[in-house]
$ cat model_21.pdb   # PDB, C-alpha atoms
ATOM      1  CA  VAL A1018     -19.748   1.107 -73.385  1.00  0.00           C
ATOM      2  CA  ASP A1019     -17.764   0.231 -76.493  1.00  0.00           C
ATOM      3  CA  ILE A1020     -19.346  -2.793 -78.168  1.00  0.00           C
ATOM      4  CA  ARG A1021     -15.886  -4.150 -79.024  1.00  0.00           C
ATOM      5  CA  LEU A1022     -14.886  -4.132 -75.357  1.00  0.00           C
ATOM      6  CA  ALA A1023     -18.137  -5.871 -74.417  1.00  0.00           C
ATOM      7  CA  LEU A1024     -17.496  -8.552 -77.068  1.00  0.00           C
ATOM      8  CA  CYS A1025     -13.948  -9.060 -75.823  1.00  0.00           C
ATOM      9  CA  HIS A1026     -15.301  -9.413 -72.288  1.00  0.00           C
ATOM     10  CA  ARG A1027     -17.826 -12.041 -73.410  1.00  0.00           C
ATOM     11  CA  LEU A1028     -15.216 -13.965 -75.389  1.00  0.00           C
ATOM     12  CA  CYS A1029     -12.890 -13.951 -72.361  1.00  0.00           C
ATOM     13  CA  ALA A1030     -15.698 -15.268 -70.149  1.00  0.00           C
ATOM     14  CA  ILE A1031     -16.528 -18.033 -72.626  1.00  0.00           C
ATOM     15  CA  GLY A1032     -12.834 -18.931 -72.971  1.00  0.00           C
ATOM     16  CA  PHE A1033     -12.579 -19.144 -69.185  1.00  0.00           C
ATOM     17  CA  VAL A1034     -15.584 -21.480 -68.907  1.00  0.00           C
ATOM     18  CA  ASN A1035     -14.407 -23.624 -71.853  1.00  0.00           C
ATOM     19  CA  ASN A1036     -11.017 -24.160 -70.280  1.00  0.00           C
ATOM     20  CA  PHE A1037     -12.488 -24.749 -66.841  1.00  0.00           C
ATOM     21  CA  ASP A1038     -14.462 -27.628 -68.357  1.00  0.00           C
ATOM     22  CA  ARG A1039     -11.673 -28.906 -70.611  1.00  0.00           C
ATOM     23  CA  GLY A1040      -9.401 -30.393 -67.959  1.00  0.00           C
ATOM     24  CA  ILE A1041     -12.041 -32.083 -65.866  1.00  0.00           C
ATOM     25  CA  THR A1042     -10.924 -35.653 -66.606  1.00  0.00           C
ATOM     26  CA  SER A1043      -7.241 -35.012 -66.013  1.00  0.00           C
ATOM     27  CA  GLY A1044      -8.013 -32.917 -62.937  1.00  0.00           C
ATOM     28  CA  SER A1045     -10.108 -35.619 -61.254  1.00  0.00           C
ATOM     29  CA  PRO A1046      -8.641 -38.989 -62.267  1.00  0.00           C
ATOM     30  CA  ALA A1047      -9.660 -40.841 -59.097  1.00  0.00           C
ATOM     31  CA  GLN A1048     -13.305 -39.839 -59.465  1.00  0.00           C
ATOM     32  CA  PHE A1049     -13.359 -40.824 -63.128  1.00  0.00           C
ATOM     33  CA  GLN A1050     -11.622 -44.138 -62.438  1.00  0.00           C
ATOM     34  CA  TYR A1051     -14.270 -44.922 -59.837  1.00  0.00           C
ATOM     35  CA  PHE A1052     -17.048 -43.944 -62.267  1.00  0.00           C
ATOM     36  CA  ILE A1053     -15.562 -46.244 -64.922  1.00  0.00           C
ATOM     37  CA  GLN A1054     -15.155 -49.100 -62.439  1.00  0.00           C
ATOM     38  CA  VAL A1055     -18.793 -48.815 -61.384  1.00  0.00           C
ATOM     39  CA  SER A1056     -20.302 -48.241 -64.835  1.00  0.00           C
ATOM     40  CA  HIS A1057     -18.292 -51.006 -66.542  1.00  0.00           C
ATOM     41  CA  ASN A1058     -17.829 -53.359 -63.578  1.00  0.00           C
ATOM     42  CA  THR A1059     -14.078 -53.507 -64.106  1.00  0.00           C
ATOM     43  CA  THR A1060     -11.081 -53.415 -61.807  1.00  0.00           C
ATOM     44  CA  ASP A1061      -8.762 -51.970 -64.465  1.00  0.00           C
ATOM     45  CA  PRO A1062     -10.225 -48.681 -65.735  1.00  0.00           C
ATOM     46  CA  GLY A1063      -6.924 -47.365 -67.150  1.00  0.00           C
ATOM     47  CA  ALA A1064      -7.594 -47.932 -70.846  1.00  0.00           C
ATOM     48  CA  LEU A1065     -11.115 -46.540 -70.629  1.00  0.00           C
ATOM     49  CA  LEU A1066      -9.871 -43.486 -68.737  1.00  0.00           C
ATOM     50  CA  GLY A1067      -7.326 -42.953 -71.506  1.00  0.00           C
ATOM     51  CA  LEU A1068     -10.081 -43.289 -74.095  1.00  0.00           C
ATOM     52  CA  LEU A1069     -12.204 -40.749 -72.228  1.00  0.00           C
ATOM     53  CA  SER A1070      -9.324 -38.287 -71.999  1.00  0.00           C
ATOM     54  CA  SER A1071      -8.238 -38.703 -75.598  1.00  0.00           C
ATOM     55  CA  SER A1072     -11.756 -38.468 -77.022  1.00  0.00           C
ATOM     56  CA  PHE A1073     -11.813 -34.712 -76.426  1.00  0.00           C
ATOM     57  CA  VAL A1074      -8.345 -34.161 -77.881  1.00  0.00           C
ATOM     58  CA  THR A1075      -9.108 -36.258 -80.959  1.00  0.00           C
ATOM     59  CA  THR A1076     -12.260 -34.402 -81.954  1.00  0.00           C
ATOM     60  CA  PHE A1077     -10.681 -31.058 -81.052  1.00  0.00           C
ATOM     61  CA  ALA A1078      -7.682 -31.778 -83.300  1.00  0.00           C
ATOM     62  CA  ILE A1079      -9.894 -32.916 -86.179  1.00  0.00           C
ATOM     63  CA  SER A1080     -12.401 -30.072 -85.831  1.00  0.00           C
ATOM     64  CA  ILE A1081     -10.099 -27.085 -85.409  1.00  0.00           C
ATOM     65  CA  PRO A1082      -8.750 -27.103 -89.005  1.00  0.00           C
ATOM     66  CA  LEU A1083     -12.295 -27.603 -90.271  1.00  0.00           C
ATOM     67  CA  PHE A1084     -13.513 -24.523 -88.396  1.00  0.00           C
ATOM     68  CA  GLY A1085     -10.430 -22.616 -89.538  1.00  0.00           C
ATOM     69  CA  TYR A1086     -11.341 -23.376 -93.126  1.00  0.00           C
ATOM     70  CA  LEU A1087     -15.017 -22.551 -92.601  1.00  0.00           C
ATOM     71  CA  ALA A1088     -14.062 -19.225 -90.999  1.00  0.00           C
ATOM     72  CA  MET A1089     -12.917 -18.020 -94.421  1.00  0.00           C
ATOM     73  CA  THR A1090     -16.418 -18.339 -95.891  1.00  0.00           C
ATOM     74  CA  THR A1091     -18.794 -18.154 -92.922  1.00  0.00           C
ATOM     75  CA  LYS A1092     -19.493 -15.364 -90.451  1.00  0.00           C
ATOM     76  CA  PRO A1093     -17.413 -15.882 -87.292  1.00  0.00           C
ATOM     77  CA  PHE A1094     -20.308 -15.475 -84.886  1.00  0.00           C
ATOM     78  CA  ARG A1095     -22.343 -18.061 -86.753  1.00  0.00           C
ATOM     79  CA  LEU A1096     -19.522 -20.594 -86.295  1.00  0.00           C
ATOM     80  CA  ILE A1097     -18.992 -19.588 -82.669  1.00  0.00           C
ATOM     81  CA  SER A1098     -22.736 -19.901 -82.023  1.00  0.00           C
ATOM     82  CA  ILE A1099     -22.883 -23.353 -83.589  1.00  0.00           C
ATOM     83  CA  GLY A1100     -19.824 -24.456 -81.647  1.00  0.00           C
ATOM     84  CA  LEU A1101     -21.114 -23.113 -78.352  1.00  0.00           C
ATOM     85  CA  ALA A1102     -24.482 -24.794 -78.916  1.00  0.00           C
ATOM     86  CA  VAL A1103     -22.681 -28.105 -79.492  1.00  0.00           C
ATOM     87  CA  TRP A1104     -20.559 -27.450 -76.395  1.00  0.00           C
ATOM     88  CA  VAL A1105     -23.622 -26.749 -74.210  1.00  0.00           C
ATOM     89  CA  VAL A1106     -25.218 -30.000 -75.392  1.00  0.00           C
ATOM     90  CA  ALA A1107     -21.923 -31.780 -74.659  1.00  0.00           C
ATOM     91  CA  VAL A1108     -21.795 -30.428 -71.114  1.00  0.00           C
ATOM     92  CA  ALA A1109     -25.421 -31.454 -70.554  1.00  0.00           C
ATOM     93  CA  ILE A1110     -24.730 -34.980 -71.831  1.00  0.00           C
ATOM     94  CA  SER A1111     -21.603 -35.245 -69.690  1.00  0.00           C
ATOM     95  CA  SER A1112     -23.541 -34.034 -66.659  1.00  0.00           C
ATOM     96  CA  VAL A1113     -26.220 -36.689 -67.123  1.00  0.00           C
ATOM     97  CA  SER A1114     -23.726 -39.505 -67.702  1.00  0.00           C
ATOM     98  CA  LYS A1115     -22.917 -39.985 -64.014  1.00  0.00           C
ATOM     99  CA  SER A1116     -26.528 -40.238 -62.843  1.00  0.00           C
ATOM    100  CA  ALA A1117     -27.284 -42.498 -65.831  1.00  0.00           C
ATOM    101  CA  ASN A1118     -24.217 -44.569 -64.907  1.00  0.00           C
ATOM    102  CA  SER A1119     -23.259 -44.464 -68.579  1.00  0.00           C
ATOM    103  CA  PHE A1120     -19.648 -44.315 -69.675  1.00  0.00           C
ATOM    104  CA  GLU A1121     -20.870 -44.178 -73.264  1.00  0.00           C
ATOM    105  CA  LEU A1122     -22.728 -40.908 -72.600  1.00  0.00           C
ATOM    106  CA  SER A1123     -19.581 -39.539 -71.004  1.00  0.00           C
ATOM    107  CA  ILE A1124     -17.548 -40.416 -74.118  1.00  0.00           C
ATOM    108  CA  LEU A1125     -20.181 -38.807 -76.349  1.00  0.00           C
ATOM    109  CA  GLY A1126     -20.101 -35.668 -74.220  1.00  0.00           C
ATOM    110  CA  ARG A1127     -16.316 -35.420 -74.442  1.00  0.00           C
ATOM    111  CA  PHE A1128     -16.391 -36.006 -78.220  1.00  0.00           C
ATOM    112  CA  LEU A1129     -18.924 -33.215 -78.698  1.00  0.00           C
ATOM    113  CA  SER A1130     -17.038 -30.964 -76.300  1.00  0.00           C
ATOM    114  CA  GLY A1131     -13.983 -31.184 -78.541  1.00  0.00           C
ATOM    115  CA  VAL A1132     -16.028 -30.109 -81.556  1.00  0.00           C
ATOM    116  CA  GLY A1133     -17.692 -27.257 -79.699  1.00  0.00           C
ATOM    117  CA  GLU A1134     -14.493 -25.892 -78.222  1.00  0.00           C
ATOM    118  CA  ALA A1135     -12.660 -26.126 -81.534  1.00  0.00           C
ATOM    119  CA  SER A1136     -14.987 -23.608 -83.140  1.00  0.00           C
ATOM    120  CA  PHE A1137     -14.518 -21.133 -80.358  1.00  0.00           C
ATOM    121  CA  GLN A1138     -10.782 -21.552 -79.753  1.00  0.00           C
ATOM    122  CA  CYS A1139     -10.045 -21.299 -83.476  1.00  0.00           C
ATOM    123  CA  ILE A1140     -12.090 -18.167 -84.155  1.00  0.00           C
ATOM    124  CA  ALA A1141     -12.037 -16.069 -80.960  1.00  0.00           C
ATOM    125  CA  PRO A1142      -8.345 -14.982 -80.915  1.00  0.00           C
ATOM    126  CA  PRO A1143      -8.240 -13.711 -84.520  1.00  0.00           C
ATOM    127  CA  PHE A1144     -11.639 -12.081 -84.029  1.00  0.00           C
ATOM    128  CA  ILE A1145     -10.362 -10.215 -80.957  1.00  0.00           C
ATOM    129  CA  ASN A1146      -7.232  -9.190 -82.833  1.00  0.00           C
ATOM    130  CA  ASP A1147      -9.206  -7.945 -85.854  1.00  0.00           C
ATOM    131  CA  HIS A1148     -11.826  -6.011 -83.901  1.00  0.00           C
ATOM    132  CA  SER A1149      -9.838  -4.463 -81.064  1.00  0.00           C
ATOM    133  CA  PRO A1150      -8.466  -0.917 -81.305  1.00  0.00           C
ATOM    134  CA  SER A1151      -4.974  -1.009 -82.827  1.00  0.00           C
ATOM    135  CA  ASN A1152      -3.343   0.381 -79.689  1.00  0.00           C
ATOM    136  CA  PHE A1153      -5.025  -2.314 -77.538  1.00  0.00           C
ATOM    137  CA  GLN A1154      -4.699  -5.439 -79.707  1.00  0.00           C
ATOM    138  CA  THR A1155      -1.945  -7.015 -77.650  1.00  0.00           C
ATOM    139  CA  LEU A1156      -3.648  -6.171 -74.358  1.00  0.00           C
ATOM    140  CA  TRP A1157      -7.023  -7.575 -75.390  1.00  0.00           C
ATOM    141  CA  LEU A1158      -5.514 -10.728 -76.858  1.00  0.00           C
ATOM    142  CA  GLY A1159      -3.394 -11.126 -73.722  1.00  0.00           C
ATOM    143  CA  LEU A1160      -6.469 -10.792 -71.506  1.00  0.00           C
ATOM    144  CA  TYR A1161      -8.202 -13.470 -73.542  1.00  0.00           C
ATOM    145  CA  MET A1162      -5.231 -15.835 -73.212  1.00  0.00           C
ATOM    146  CA  ILE A1163      -4.983 -15.142 -69.481  1.00  0.00           C
ATOM    147  CA  SER A1164      -8.693 -15.879 -69.021  1.00  0.00           C
ATOM    148  CA  THR A1165      -8.282 -19.273 -70.680  1.00  0.00           C
ATOM    149  CA  MET A1166      -5.262 -20.137 -68.533  1.00  0.00           C
ATOM    150  CA  VAL A1167      -7.010 -19.022 -65.343  1.00  0.00           C
ATOM    151  CA  GLY A1168      -9.932 -21.276 -66.317  1.00  0.00           C
ATOM    152  CA  SER A1169      -7.572 -24.239 -66.644  1.00  0.00           C
ATOM    153  CA  ILE A1170      -5.807 -23.463 -63.373  1.00  0.00           C
ATOM    154  CA  LEU A1171      -9.038 -23.098 -61.422  1.00  0.00           C
ATOM    155  CA  ASP A1172     -10.300 -26.360 -62.926  1.00  0.00           C
ATOM    156  CA  TYR A1173      -7.319 -28.233 -61.520  1.00  0.00           C
ATOM    157  CA  LEU A1174      -7.608 -26.458 -58.157  1.00  0.00           C
ATOM    158  CA  ASP A1175     -11.319 -27.251 -57.995  1.00  0.00           C
ATOM    159  CA  ALA A1176     -10.567 -30.932 -58.552  1.00  0.00           C
ATOM    160  CA  VAL A1177      -8.119 -31.113 -55.653  1.00  0.00           C
TER     161      VAL A1177
END
$ encode --input "model_21.pdb" --output "structure tokens"
Amino acid sequence: VDIRLALCHRLCAIGFVNNFDRGITSGSPAQFQYFIQVSHNTTDPGALLGLLSSSFVTTFAISIPLFGYLAMTTKPFRLISIGLAVWVVAVAISSVSKSANSFELSILGRFLSGVGEASFQCIAPPFINDHSPSNFQTLWLGLYMISTMVGSILDYLDAV
């Protein structure tokens, strides 16, 4: 098996899982509103739900140019590994937040998730493009993009 194909496969799988996780708050607003109502004893969870949703986007938007800059001087897999480690910790924190009844842990998890995903989403597409055979670059990059979209779609369907 060609190592480049195996790497592309792994990157597609990681992209799928990242995007499956990414839309969890927007895919399940009723569940998150209830969680916020219970954890903060409030009847109006709208602002806190907005804060939870925007926390990921904020750290993602801040982190992606940073990882883009670091990619010029640091090995791509080192950055991807660091980002995925941060993302795994973020998912663990987010998973514990419900049983701990802690909105603050949930916010922390979403903040860290934005950082972790930024490293991967910034570096994976150019890496695939640079390391795929020239006659398959478009196909491999397309498969990666499809895997991320399928992850997002299945996230929303899972929430329904």
$ resolve_selection --input "model_21.pdb" --expression "the PyMOL selection byres ((chain A and resi 1098) around 12)" --output "list in words"
Leu1028, Ile1031, Thr1091, Lys1092, Pro1093, Phe1094, Arg1095, Leu1096, Ile1097, Ile1099, Gly1100, Leu1101, Ala1102, Val1103, Trp1104, Val1105, Gly1133, Glu1134, Ala1135, Ser1136, Phe1137, Ile1140 and Ala1141 of chain A
$ closest_residue --input "model_21.pdb" --among "A:Ala1030, A:Ser1123, A:Cys1025, A:Thr1090" --to "Asn1146 of chain A" --atoms "all atoms listed in the file"
A:Cys1025
$ resolve_selection --input "model_21.pdb" --expression "the PyMOL selection byres ((chain A and resi 1068) around 12)" --output "ChimeraX atom specification"
/A:1042-1043,1049-1050,1053,1062-1067,1069-1075,1120-1121,1123-1125,1127-1128
$ write_last_selection --input "model_21.pdb" --atoms "C-alpha atoms" --output "short mmCIF file (atom, residue, chain, number, x, y, z; two decimals), keeping the file's coordinate frame"
data_model
loop_
_atom_site.label_atom_id
_atom_site.label_comp_id
_atom_site.auth_asym_id
_atom_site.auth_seq_id
_atom_site.Cartn_x
_atom_site.Cartn_y
_atom_site.Cartn_z
CA THR A 1042 -10.92 -35.65 -66.61
CA SER A 1043 -7.24 -35.01 -66.01
CA PHE A 1049 -13.36 -40.82 -63.13
CA GLN A 1050 -11.62 -44.14 -62.44
CA ILE A 1053 -15.56 -46.24 -64.92
CA PRO A 1062 -10.22 -48.68 -65.74
CA GLY A 1063 -6.92 -47.36 -67.15
CA ALA A 1064 -7.59 -47.93 -70.85
CA LEU A 1065 -11.12 -46.54 -70.63
CA LEU A 1066 -9.87 -43.49 -68.74
CA GLY A 1067 -7.33 -42.95 -71.51
CA LEU A 1069 -12.20 -40.75 -72.23
CA SER A 1070 -9.32 -38.29 -72.00
CA SER A 1071 -8.24 -38.70 -75.60
CA SER A 1072 -11.76 -38.47 -77.02
CA PHE A 1073 -11.81 -34.71 -76.43
CA VAL A 1074 -8.35 -34.16 -77.88
CA THR A 1075 -9.11 -36.26 -80.96
CA PHE A 1120 -19.65 -44.32 -69.68
CA GLU A 1121 -20.87 -44.18 -73.26
CA SER A 1123 -19.58 -39.54 -71.00
CA ILE A 1124 -17.55 -40.42 -74.12
CA LEU A 1125 -20.18 -38.81 -76.35
CA ARG A 1127 -16.32 -35.42 -74.44
CA PHE A 1128 -16.39 -36.01 -78.22
#
$ axis_aligned_box --input "model_21.pdb" --around "segment 1070-1086 of chain A" --padding-each-side "3 Å" --output "AutoDock Vina command-line options"
--center_x -10.6 --center_y -30.7 --center_z -82.6 --size_x 11.8 --size_y 22.1 --size_z 27.1
$ residues_around --input "model_21.pdb" --residues "Met1166 of chain A" --least-positions-apart "3" --cutoff "9 Å" --atoms "all atoms listed in the file" --output "ChimeraX atom specification"
/A:1032-1033,1036-1037,1161-1163,1169-1171
$ atom_distance --input "model_21.pdb" --atom1 "atom CA of Arg1021 of chain A" --atom2 "atom CA of His1148 of chain A"
6.6 Å
$ residues_around --input "model_21.pdb" --residues "Ala1176 of chain A" --least-positions-apart "4" --cutoff "8 Å" --atoms "all atoms listed in the file" --output "PDB file with C-alpha atoms, in the frame of the given file"
ATOM      1  CA  ILE A1041     -12.041 -32.083 -65.866  1.00  0.00           C
ATOM      2  CA  GLY A1044      -8.013 -32.917 -62.937  1.00  0.00           C
ATOM      3  CA  SER A1045     -10.108 -35.619 -61.254  1.00  0.00           C
ATOM      4  CA  ASP A1172     -10.300 -26.360 -62.926  1.00  0.00           C
TER       5      ASP A1172
END
$ atom_distance --input "model_21.pdb" --atom1 "atom CA of Pro1143 of chain A" --atom2 "atom CA of Asp1038 of chain A"
22.2 Å
$ atom_distance --input "model_21.pdb" --atom1 "atom CA of Val1034 of chain A" --atom2 "atom CA of Thr1165 of chain A"
7.8 Å
$ closest_residue --input "model_21.pdb" --among "A:Ala1088, A:Leu1122, A:Arg1027, A:Asp1061" --to "Trp1157 of chain A" --atoms "all atoms listed in the file"
A:Arg1027
$ closest_residue --input "model_21.pdb" --among "A:Ser1080, A:Gln1048, A:Asn1035, A:Ser1112" --to "Val1132 of chain A" --atoms "all atoms listed in the file"
A:Ser1080
$ decode --input "model_21.pdb" --residues "segment 1087-1113 of chain A" --atoms "N, CA and C atoms" --output "PDB file, in the first residue's frame"
ATOM      1  N   LEU A1087       3.136  29.127  11.464  1.00  0.00           N
ATOM      2  CA  LEU A1087       4.028  28.113  12.033  1.00  0.00           C
ATOM      3  C   LEU A1087       4.343  26.997  11.036  1.00  0.00           C
ATOM      4  N   ALA A1088       3.434  26.742  10.112  1.00  0.00           N
ATOM      5  CA  ALA A1088       3.647  25.680   9.121  1.00  0.00           C
ATOM      6  C   ALA A1088       4.835  25.978   8.211  1.00  0.00           C
ATOM      7  N   MET A1089       5.243  27.231   8.142  1.00  0.00           N
ATOM      8  CA  MET A1089       6.397  27.582   7.304  1.00  0.00           C
ATOM      9  C   MET A1089       7.716  27.193   7.962  1.00  0.00           C
ATOM     10  N   THR A1090       7.721  27.031   9.279  1.00  0.00           N
ATOM     11  CA  THR A1090       8.974  26.749   9.985  1.00  0.00           C
ATOM     12  C   THR A1090       8.964  25.443  10.776  1.00  0.00           C
ATOM     13  N   THR A1091       7.813  24.814  10.893  1.00  0.00           N
ATOM     14  CA  THR A1091       7.679  23.611  11.709  1.00  0.00           C
ATOM     15  C   THR A1091       7.148  22.476  10.849  1.00  0.00           C
ATOM     16  N   LYS A1092       7.561  21.262  11.158  1.00  0.00           N
ATOM     17  CA  LYS A1092       7.100  20.100  10.402  1.00  0.00           C
ATOM     18  C   LYS A1092       5.581  19.977  10.520  1.00  0.00           C
ATOM     19  N   PRO A1093       4.906  19.724   9.386  1.00  0.00           N
ATOM     20  CA  PRO A1093       3.440  19.678   9.403  1.00  0.00           C
ATOM     21  C   PRO A1093       2.868  18.652  10.381  1.00  0.00           C
ATOM     22  N   PHE A1094       3.469  17.467  10.433  1.00  0.00           N
ATOM     23  CA  PHE A1094       2.913  16.458  11.323  1.00  0.00           C
ATOM     24  C   PHE A1094       3.107  16.801  12.789  1.00  0.00           C
ATOM     25  N   ARG A1095       4.107  17.568  13.106  1.00  0.00           N
ATOM     26  CA  ARG A1095       4.270  18.017  14.492  1.00  0.00           C
ATOM     27  C   ARG A1095       3.104  18.944  14.851  1.00  0.00           C
ATOM     28  N   LEU A1096       2.776  19.876  13.962  1.00  0.00           N
ATOM     29  CA  LEU A1096       1.666  20.797  14.224  1.00  0.00           C
ATOM     30  C   LEU A1096       0.332  20.062  14.260  1.00  0.00           C
ATOM     31  N   ILE A1097       0.147  19.125  13.323  1.00  0.00           N
ATOM     32  CA  ILE A1097      -1.091  18.346  13.314  1.00  0.00           C
ATOM     33  C   ILE A1097      -1.202  17.536  14.601  1.00  0.00           C
ATOM     34  N   SER A1098      -0.102  16.938  15.032  1.00  0.00           N
ATOM     35  CA  SER A1098      -0.115  16.136  16.263  1.00  0.00           C
ATOM     36  C   SER A1098      -0.456  16.984  17.480  1.00  0.00           C
ATOM     37  N   ILE A1099       0.137  18.155  17.564  1.00  0.00           N
ATOM     38  CA  ILE A1099      -0.165  19.060  18.681  1.00  0.00           C
ATOM     39  C   ILE A1099      -1.639  19.454  18.640  1.00  0.00           C
ATOM     40  N   GLY A1100      -2.106  19.833  17.465  1.00  0.00           N
ATOM     41  CA  GLY A1100      -3.500  20.234  17.322  1.00  0.00           C
ATOM     42  C   GLY A1100      -4.472  19.117  17.653  1.00  0.00           C
ATOM     43  N   LEU A1101      -4.173  17.908  17.188  1.00  0.00           N
ATOM     44  CA  LEU A1101      -5.067  16.791  17.478  1.00  0.00           C
ATOM     45  C   LEU A1101      -5.041  16.422  18.957  1.00  0.00           C
ATOM     46  N   ALA A1102      -3.890  16.563  19.598  1.00  0.00           N
ATOM     47  CA  ALA A1102      -3.823  16.320  21.045  1.00  0.00           C
ATOM     48  C   ALA A1102      -4.698  17.331  21.789  1.00  0.00           C
ATOM     49  N   VAL A1103      -4.615  18.593  21.393  1.00  0.00           N
ATOM     50  CA  VAL A1103      -5.460  19.628  22.003  1.00  0.00           C
ATOM     51  C   VAL A1103      -6.929  19.316  21.743  1.00  0.00           C
ATOM     52  N   TRP A1104      -7.240  18.867  20.522  1.00  0.00           N
ATOM     53  CA  TRP A1104      -8.620  18.558  20.162  1.00  0.00           C
ATOM     54  C   TRP A1104      -9.159  17.383  20.989  1.00  0.00           C
ATOM     55  N   VAL A1105      -8.348  16.352  21.187  1.00  0.00           N
ATOM     56  CA  VAL A1105      -8.779  15.199  21.990  1.00  0.00           C
ATOM     57  C   VAL A1105      -9.059  15.632  23.430  1.00  0.00           C
ATOM     58  N   VAL A1106      -8.201  16.467  23.986  1.00  0.00           N
ATOM     59  CA  VAL A1106      -8.430  16.994  25.333  1.00  0.00           C
ATOM     60  C   VAL A1106      -9.724  17.813  25.348  1.00  0.00           C
ATOM     61  N   ALA A1107      -9.948  18.595  24.305  1.00  0.00           N
ATOM     62  CA  ALA A1107     -11.161  19.414  24.216  1.00  0.00           C
ATOM     63  C   ALA A1107     -12.415  18.549  24.195  1.00  0.00           C
ATOM     64  N   VAL A1108     -12.385  17.485  23.423  1.00  0.00           N
ATOM     65  CA  VAL A1108     -13.540  16.586  23.354  1.00  0.00           C
ATOM     66  C   VAL A1108     -13.773  15.919  24.709  1.00  0.00           C
ATOM     67  N   ALA A1109     -12.697  15.528  25.375  1.00  0.00           N
ATOM     68  CA  ALA A1109     -12.832  14.919  26.706  1.00  0.00           C
ATOM     69  C   ALA A1109     -13.443  15.910  27.698  1.00  0.00           C
ATOM     70  N   ILE A1110     -12.966  17.139  27.679  1.00  0.00           N
ATOM     71  CA  ILE A1110     -13.507  18.169  28.582  1.00  0.00           C
ATOM     72  C   ILE A1110     -14.978  18.420  28.269  1.00  0.00           C
ATOM     73  N   SER A1111     -15.305  18.532  26.995  1.00  0.00           N
ATOM     74  CA  SER A1111     -16.698  18.758  26.605  1.00  0.00           C
ATOM     75  C   SER A1111     -17.584  17.594  27.027  1.00  0.00           C
ATOM     76  N   SER A1112     -17.052  16.386  26.928  1.00  0.00           N
ATOM     77  CA  SER A1112     -17.824  15.202  27.308  1.00  0.00           C
ATOM     78  C   SER A1112     -18.121  15.174  28.801  1.00  0.00           C
ATOM     79  N   VAL A1113     -17.192  15.631  29.596  1.00  0.00           N
ATOM     80  CA  VAL A1113     -17.348  15.631  31.054  1.00  0.00           C
ATOM     81  C   VAL A1113     -18.254  16.772  31.516  1.00  0.00           C
TER      82      VAL A1113
END
